[in-house]
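**Q** Below is one structure. I have some questions about it.
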Amino acid sequence: MAESDQRSAVVKALKKLDAVAVENPAYPGTPDVNYAEGWIELKWMRRWPARQDTIVKLDHYTNQQKIFAVRRRRAGGNCWLLLQVRNQWLLFDGAVAATRLNKSTAKELHDCAHKVWADGLNREELLCCVSLDMKPYIFSADDFK
């Protein structure tokens, strides 16, 4: 699935929350989708690493994107990251993603995801998940080393 297809699927799933795709070169790190209650950064990989002990690397997950997510969560807003790997979709709190992506194995990512859909995105469940009022994520400066 191309990133544009992924973005279209998420915007359609969150239509009730007035979701829009965002292309914003004016502010680095701005997530891909905005909706009435927050933001969602979209990421995808063709496949999981072959070895179970390999750290999952998303080279296209920038420091600006991590900072945006952590700042927004610290301020009490909703910010998520939705990762697609083949037909699997993993939803992460944005601050959790900022501290765990590029440092964890596939199993560890599955364990810390807010929700995992093993066989395609469930639009109704996504709508419910991202409209929850979540407590701010507590993190330390060590999370970014």
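Here's how to read the names in the structure tokens: chain A, B, ... by the order shown, residue numbers from 1 in each chain, ligand numbers from 1 in the order shown.
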What lies within 6 Å of range 38-49 of chain A using only C-alpha atoms, ignoring chain neighbours under 2 positions off, as a list in words?

**A**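 Near neighbours after the sequence-gap exclusion: Pro31, Asp32, Val33, Asn34, Tyr35, Ala36, Arg51, Asn78, Cys79, Trp80, Leu81, Leu82, Leu83, Gln84, Val85 and Arg86 of chain A.
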
**Q** Using N, CA and C atoms, can you write the selected residues to a file as a PDB file, in the first residue's frame?

**A**
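Saved result, out_29.pdb, follows:
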```
ATOM      1  N   PRO A  31       2.252  15.940  11.795  1.00  0.00           N
ATOM      2  CA  PRO A  31       1.749  14.621  11.385  1.00  0.00           C
ATOM      3  C   PRO A  31       0.920  14.655  10.107  1.00  0.00           C
ATOM      4  N   ASP A  32       0.660  13.464   9.578  1.00  0.00           N
ATOM      5  CA  ASP A  32       0.006  13.307   8.279  1.00  0.00           C
ATOM      6  C   ASP A  32      -1.490  13.544   8.291  1.00  0.00           C
ATOM      7  N   VAL A  33      -2.140  13.312   9.425  1.00  0.00           N
ATOM      8  CA  VAL A  33      -3.598  13.424   9.501  1.00  0.00           C
ATOM      9  C   VAL A  33      -3.973  14.239  10.739  1.00  0.00           C
ATOM     10  N   ASN A  34      -4.874  15.184  10.542  1.00  0.00           N
ATOM     11  CA  ASN A  34      -5.446  15.931  11.649  1.00  0.00           C
ATOM     12  C   ASN A  34      -6.919  15.577  11.724  1.00  0.00           C
ATOM     13  N   TYR A  35      -7.427  15.451  12.944  1.00  0.00           N
ATOM     14  CA  TYR A  35      -8.851  15.196  13.136  1.00  0.00           C
ATOM     15  C   TYR A  35      -9.303  16.010  14.348  1.00  0.00           C
ATOM     16  N   ALA A  36     -10.585  16.059  14.608  1.00  0.00           N
ATOM     17  CA  ALA A  36     -11.138  16.956  15.623  1.00  0.00           C
ATOM     18  C   ALA A  36     -10.453  16.837  16.976  1.00  0.00           C
ATOM     19  N   ARG A  51      14.869 -11.589  11.336  1.00  0.00           N
ATOM     20  CA  ARG A  51      15.291 -12.125  12.644  1.00  0.00           C
ATOM     21  C   ARG A  51      14.483 -11.474  13.758  1.00  0.00           C
ATOM     22  N   ASN A  78      -4.083  14.693  21.934  1.00  0.00           N
ATOM     23  CA  ASN A  78      -3.970  13.356  21.365  1.00  0.00           C
ATOM     24  C   ASN A  78      -3.028  13.399  20.167  1.00  0.00           C
ATOM     25  N   CYS A  79      -2.052  12.516  20.188  1.00  0.00           N
ATOM     26  CA  CYS A  79      -1.130  12.385  19.072  1.00  0.00           C
ATOM     27  C   CYS A  79      -0.759  10.913  18.981  1.00  0.00           C
ATOM     28  N   TRP A  80      -0.929  10.344  17.812  1.00  0.00           N
ATOM     29  CA  TRP A  80      -0.752   8.909  17.603  1.00  0.00           C
ATOM     30  C   TRP A  80       0.229   8.658  16.469  1.00  0.00           C
ATOM     31  N   LEU A  81       0.724   7.430  16.420  1.00  0.00           N
ATOM     32  CA  LEU A  81       1.462   6.945  15.260  1.00  0.00           C
ATOM     33  C   LEU A  81       0.824   5.629  14.859  1.00  0.00           C
ATOM     34  N   LEU A  82       0.519   5.508  13.582  1.00  0.00           N
ATOM     35  CA  LEU A  82      -0.095   4.298  13.040  1.00  0.00           C
ATOM     36  C   LEU A  82       0.879   3.685  12.048  1.00  0.00           C
ATOM     37  N   LEU A  83       1.382   2.504  12.386  1.00  0.00           N
ATOM     38  CA  LEU A  83       2.370   1.797  11.578  1.00  0.00           C
ATOM     39  C   LEU A  83       1.703   0.638  10.862  1.00  0.00           C
ATOM     40  N   GLN A  84       1.912   0.587   9.544  1.00  0.00           N
ATOM     41  CA  GLN A  84       1.405  -0.533   8.762  1.00  0.00           C
ATOM     42  C   GLN A  84       2.585  -1.363   8.256  1.00  0.00           C
ATOM     43  N   VAL A  85       2.521  -2.671   8.492  1.00  0.00           N
ATOM     44  CA  VAL A  85       3.506  -3.614   7.971  1.00  0.00           C
ATOM     45  C   VAL A  85       2.712  -4.720   7.291  1.00  0.00           C
ATOM     46  N   ARG A  86       2.759  -4.713   5.959  1.00  0.00           N
ATOM     47  CA  ARG A  86       1.896  -5.595   5.161  1.00  0.00           C
ATOM     48  C   ARG A  86       0.443  -5.370   5.539  1.00  0.00           C
TER      49      ARG A  86
END
```

**Q** Return as a list in words the full set of residues in range 33-106 of chain A whose backbone-based DSSP assignment is alpha helix (DSSP H).

**A** Asn63, Gln64, Gln65, Lys66, Ile67, Phe68, Ala69, Val70, Arg71, Arg72, Arg73, Arg74, Gly94, Ala95, Val96, Ala97, Ala98, Thr99, Arg100 and Ala106 of chain A

**Q** Take the residues just selected and output them with C-alpha atoms as a compact mmCIF listing (two decimals), in the first residue's frame.

**A**
```txt
# COMPACT_ATOMS: atom_id res chain seq x y z
CA ASN A 63 13.37 13.80 15.24
CA GLN A 64 10.95 16.63 14.36
CA GLN A 65 8.08 14.10 14.21
CA LYS A 66 9.08 12.65 17.59
CA ILE A 67 9.33 16.09 19.16
CA PHE A 68 5.92 17.10 17.80
CA ALA A 69 4.31 13.98 19.30
CA VAL A 70 5.95 14.36 22.71
CA ARG A 71 5.16 18.09 22.93
CA ARG A 72 1.55 17.54 21.95
CA ARG A 73 1.07 14.70 24.45
CA ARG A 74 2.79 16.70 27.18
CA GLY A 94 2.73 9.30 19.88
CA ALA A 95 5.00 9.70 22.90
CA VAL A 96 5.40 5.93 23.24
CA ALA A 97 6.29 5.70 19.56
CA ALA A 98 8.83 8.51 19.98
CA THR A 99 10.63 6.57 22.68
CA ARG A 100 10.26 3.01 21.35
CA ALA A 106 8.86 -6.37 16.32
```

**Q** Do you know which residues are at most 7 Å from range 122-133 of chain A counting only C-alpha atoms, after dropping those on the same chain fewer than 2 positions away, and could you put them as a PyMOL selection string?

**A** chain A and resi 13-14+37+117+120+135

**Q** Please dump the current selection as a JSON list (two decimals), in the first residue's frame; keep N, CA and C atoms.

**A**
```json
[["chain", "number", "residue", "atom", "x", "y", "z"],
["A", 13, "ALA", "N", -11.70, 6.48, 7.50],
["A", 13, "ALA", "CA", -12.10, 5.83, 8.75],
["A", 13, "ALA", "C", -12.51, 6.86, 9.81],
["A", 14, "LEU", "N", -11.88, 8.02, 9.77],
["A", 14, "LEU", "CA", -12.13, 9.04, 10.79],
["A", 14, "LEU", "C", -12.99, 10.19, 10.28],
["A", 37, "GLU", "N", -9.96, 15.67, 17.32],
["A", 37, "GLU", "CA", -9.39, 15.46, 18.65],
["A", 37, "GLU", "C", -7.88, 15.27, 18.67],
["A", 117, "TRP", "N", -3.96, -4.56, 14.86],
["A", 117, "TRP", "CA", -4.90, -5.23, 13.97],
["A", 117, "TRP", "C", -4.06, -6.14, 13.08],
["A", 120, "GLY", "N", -5.59, -6.34, 8.77],
["A", 120, "GLY", "CA", -6.20, -5.16, 8.17],
["A", 120, "GLY", "C", -6.75, -4.20, 9.22],
["A", 135, "LYS", "N", -4.43, 9.94, 29.37],
["A", 135, "LYS", "CA", -3.58, 10.68, 30.29],
["A", 135, "LYS", "C", -2.25, 10.97, 29.60]]
```

**Q** May I ask for the distance between CA of Val116 in chain A and CA of Leu90 in chain A, given in Å to one decimal place?

**A**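 Here the two named atoms are 4.5 Å from each other.
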
**Q** From the DSSP assignment of the backbone, select every residue of chain A that is strand (DSSP E or B), and format the answer as a PyMOL selection string.

**A** chain A and resi 20-21+33-35+38-45+78-85+88-93+115-117

**Q** A:Leu121, A:Lys115, A:Gln52, A:Thr62: which is nearest Val10 in chain A, counting only C-alpha atoms?

**A**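 Smallest distance to Val10 in chain A is found for A:Leu121.
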
**Q** Please identify all polymer residues within 9 Å of Lys103 in chain A, counting only C-alpha atoms, omitting same-chain residues fewer than 2 positions from it, and present them as a list in words.

**A**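 Listed by chain and then number, they are Ile55, Val56, Lys57, Thr99, Arg100, Leu101 and Thr105 of chain A.
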
**Q** Please produce a file of those selected residues containing N, CA and C atoms, as a PDB file, in the first residue's frame.

**A**
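That gives us selection.pdb:
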```pdb
ATOM      1  N   ILE A  55      16.352  -5.015  15.682  1.00  0.00           N
ATOM      2  CA  ILE A  55      15.649  -3.767  15.994  1.00  0.00           C
ATOM      3  C   ILE A  55      14.958  -3.273  14.724  1.00  0.00           C
ATOM      4  N   VAL A  56      13.702  -2.899  14.862  1.00  0.00           N
ATOM      5  CA  VAL A  56      12.923  -2.370  13.734  1.00  0.00           C
ATOM      6  C   VAL A  56      13.346  -0.928  13.507  1.00  0.00           C
ATOM      7  N   LYS A  57      13.809  -0.631  12.307  1.00  0.00           N
ATOM      8  CA  LYS A  57      14.286   0.713  11.973  1.00  0.00           C
ATOM      9  C   LYS A  57      13.345   1.374  10.970  1.00  0.00           C
ATOM     10  N   THR A  99       9.604   7.162  21.824  1.00  0.00           N
ATOM     11  CA  THR A  99      10.633   6.567  22.682  1.00  0.00           C
ATOM     12  C   THR A  99      10.947   5.114  22.341  1.00  0.00           C
ATOM     13  N   ARG A 100      10.070   4.441  21.583  1.00  0.00           N
ATOM     14  CA  ARG A 100      10.264   3.007  21.350  1.00  0.00           C
ATOM     15  C   ARG A 100      10.645   2.653  19.910  1.00  0.00           C
ATOM     16  N   LEU A 101      10.160   3.399  18.936  1.00  0.00           N
ATOM     17  CA  LEU A 101      10.513   3.079  17.553  1.00  0.00           C
ATOM     18  C   LEU A 101      12.004   3.325  17.338  1.00  0.00           C
ATOM     19  N   THR A 105      12.374  -4.435  19.036  1.00  0.00           N
ATOM     20  CA  THR A 105      12.114  -5.510  18.080  1.00  0.00           C
ATOM     21  C   THR A 105      10.633  -5.491  17.702  1.00  0.00           C
TER      22      THR A 105
END
```

**Q** Quick one: pull the distance between CA of Gly76 in chain A and CA of Thr30 in chain A, Å, one decimal.

**A**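 Between CA of Gly76 in chain A and CA of Thr30 in chain A the gap works out to 16.7 Å.
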
**Q** Please compute the CA of Val22 in chain A-CA of Phe92 in chain A distance, one decimal, in Å.

**A**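 One can read the CA of Val22 in chain A to CA of Phe92 in chain A distance as 19.2 Å.
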
**Q** Nearest to His60 in chain A among A:Lys12, A:Glu23, A:Asp111, A:Gly29, with distances taken over only C-alpha atoms: which residue is it?

**A**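 Among the listed residues, the smallest separation from His60 in chain A belongs to A:Gly29.
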